[in-house]
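Q: Would you mind keeping the following structure in view while I ask a few things?
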Amino acid sequence: MAAEEFVPPGQPESTKSCGGNITGSKKTNSQYIAYAGTDDTDYPDDACGRLVHGNAQIDDFTINNDCDISGDLTVTGTINGTTTGNKVLPFDIPHVKDEKKRIRHIIAEGPEAGIYVRGQLKDKNIIELPEYWDGLIDPESITVTLTQIGYSQDLIVDKIEWGKRIVVKSGTGANIHCFYEVWAARWLNPMNHDEKLTVVYEGDTPDDYPGGNENFLVGGWDYDRRETKWRKG
């Protein structure tokens, strides 16, 4: 029997099908997806060899339970329902010094798309803000925290020039030595500065958000139970 004439065992040639649902016992260990092959003793020698998928592409994919990712995850679309219910958003990583331990932190939340830069200023009075902030952030939203190091300096934010640099001065005329932390709100849409974040809105689901969700990754929403209240009953 030639390879092109091969009919899977148990299926007469008149009813053979390459589609439809596949049933059987579920394997509990992680294995590659078979590309072709069978254990049947009458499998033709000139048919496809026994191969596995090292790479694969499909249009839609549904995962019913857990998903383990050991490499990088690249997302070009929208992630919906990244967390469950009213849970907080964590990240969990291995402990660097102790292989038996892990570290879990919670992602900070706030009523703006805030970004920051921090560092140390010594013997100069200018904080240069990142070049890429220009056009990305609202310059009117910039705030500055200064922490003097070693001695009292009566530090003052003298002015913020063009949203690009911060001028610091000492009220006592001392040499400046301090830590700094600068925060700013990122434009939700750099092409439309009128688009603002609505923090509290009326609705039962994220679909009720005014203005649409195209610029957001919607987390903290249970897409399985659709529970809309903090407590049941």
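In the structure tokens, each chain is lettered A, B, ... as it comes, each chain's residues begin at 1, and ligands are numbered from 1 in order of appearance.
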Determine, counting only C-alpha atoms, which protein, DNA and RNA residues have an atom within 12 Å of an atom of stretch 188-198 of chain A; residues of the same chain fewer than 6 positions away are not included. Present the result as an MDAnalysis selection string.
A: chainID A and resid 110:115 133:139 206 208:216
Q: Quick one: residues within 10 Å of A:Leu146, only C-alpha atoms, excluding same-chain residues fewer than 3 positions away - as a list of chain:residue names?
A: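 My list of contacting residues is A:Arg118, A:Gln120, A:Leu121, A:Ile149, A:Leu155, A:Ile156, A:Val157, A:Val168, A:His177, A:Cys178, A:Phe179, A:Tyr180, A:Glu181, A:Val182.
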Q: Please dump the current selection as a CSV table (one decimal), in the first residue's frame; keep C-alpha atoms.
A:
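Final output, out39.csv:
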```csv
chain,number,residue,atom,x,y,z
A,118,ARG,CA,15.4,58.0,40.5
A,120,GLN,CA,21.6,60.5,43.3
A,121,LEU,CA,22.6,64.1,42.7
A,149,ILE,CA,22.5,63.1,52.3
A,155,LEU,CA,16.9,71.6,49.3
A,156,ILE,CA,14.3,73.3,47.0
A,157,VAL,CA,13.0,72.5,43.5
A,168,VAL,CA,17.5,72.1,42.4
A,177,HIS,CA,24.2,65.9,47.7
A,178,CYS,CA,20.9,64.1,47.7
A,179,PHE,CA,18.7,61.2,46.5
A,180,TYR,CA,15.9,62.1,44.1
A,181,GLU,CA,12.8,60.4,42.9
A,182,VAL,CA,10.8,61.9,40.0
```
Q: Return the single residue from A:Ala108, A:Ile103, A:Ile176, A:Ala185 that is closest to A:Lys124, with distances computed using only C-alpha atoms.
A: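 Closest to A:Lys124 of all the choices is A:Ile176.
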Q: Between atom CA of A:Asp158 and atom CA of A:Ile142, measure the distance and give it in Å to one decimal.
A: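 If I compute the distance from atom CA of A:Asp158 to atom CA of A:Ile142, I get 13.4 Å.
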Q: How many Å lie between atom CA of A:Thr172 and atom CA of A:Ile127, rounded to one decimal?
A: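 Atom CA of A:Ile127 lies at a distance of 19.3 Å from atom CA of A:Thr172.
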Q: Give the answer as one residue: which of A:Ile166, A:Ile69, A:Ile33, A:Leu89 has the shortest atom-to-atom distance to A:Val144, using only C-alpha atoms?
A: A:Ile166
Q: Write out as a list of chain:residue names the residues lying within 8 Å of A:Arg102, counting only C-alpha atoms and excluding same-chain residues fewer than 4 positions away.
A: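 Everything that qualifies: A:Asp92, A:Ile93, A:Pro94, A:His95.
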Q: Would you mind exporting N, CA and C atoms of the selected residues as a PDB file, in the first residue's frame?
A:
```pdb
ATOM      1  N   ASP A  92       6.046  36.663  40.806  1.00  0.00           N
ATOM      2  CA  ASP A  92       6.629  35.635  41.651  1.00  0.00           C
ATOM      3  C   ASP A  92       7.883  35.113  40.963  1.00  0.00           C
ATOM      4  N   ILE A  93       9.040  35.215  41.635  1.00  0.00           N
ATOM      5  CA  ILE A  93      10.319  34.850  41.021  1.00  0.00           C
ATOM      6  C   ILE A  93      11.143  34.003  41.993  1.00  0.00           C
ATOM      7  N   PRO A  94      12.109  33.225  41.492  1.00  0.00           N
ATOM      8  CA  PRO A  94      12.977  32.452  42.377  1.00  0.00           C
ATOM      9  C   PRO A  94      13.862  33.365  43.226  1.00  0.00           C
ATOM     10  N   HIS A  95      14.140  32.924  44.448  1.00  0.00           N
ATOM     11  CA  HIS A  95      15.074  33.640  45.323  1.00  0.00           C
ATOM     12  C   HIS A  95      16.481  33.502  44.752  1.00  0.00           C
TER      13      HIS A  95
END
```
Q: By how many Å are atom CA of A:Lys159 and atom CA of A:Glu140 apart?
A: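 Between these atoms lies a distance of 12.0 Å.
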Q: In stretch 103-230 of chain A, what's strand (DSSP E or B) per DSSP? Answer as an MDAnalysis selection string?
A: chainID A and resid 103:106 114:122 126:128 137 143:148 155:161 165:170 177:186 218
Q: Which residues, written as a list in words, have at least one atom at most 8 Å from A:Asn175, with only C-alpha atoms counted and residues fewer than 3 positions away on the same chain left out?
A: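 After dropping sequence-adjacent residues, the list is Lys122, Asp123, Lys124, Gln153 and Ser170 of chain A.
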Q: Mind checking which residues fall within 7 Å of A:Pro90, counting only C-alpha atoms, ignoring those fewer than 4 positions away in the same chain, and posting them as an MDAnalysis selection string?
A: chainID A and resid 104:107
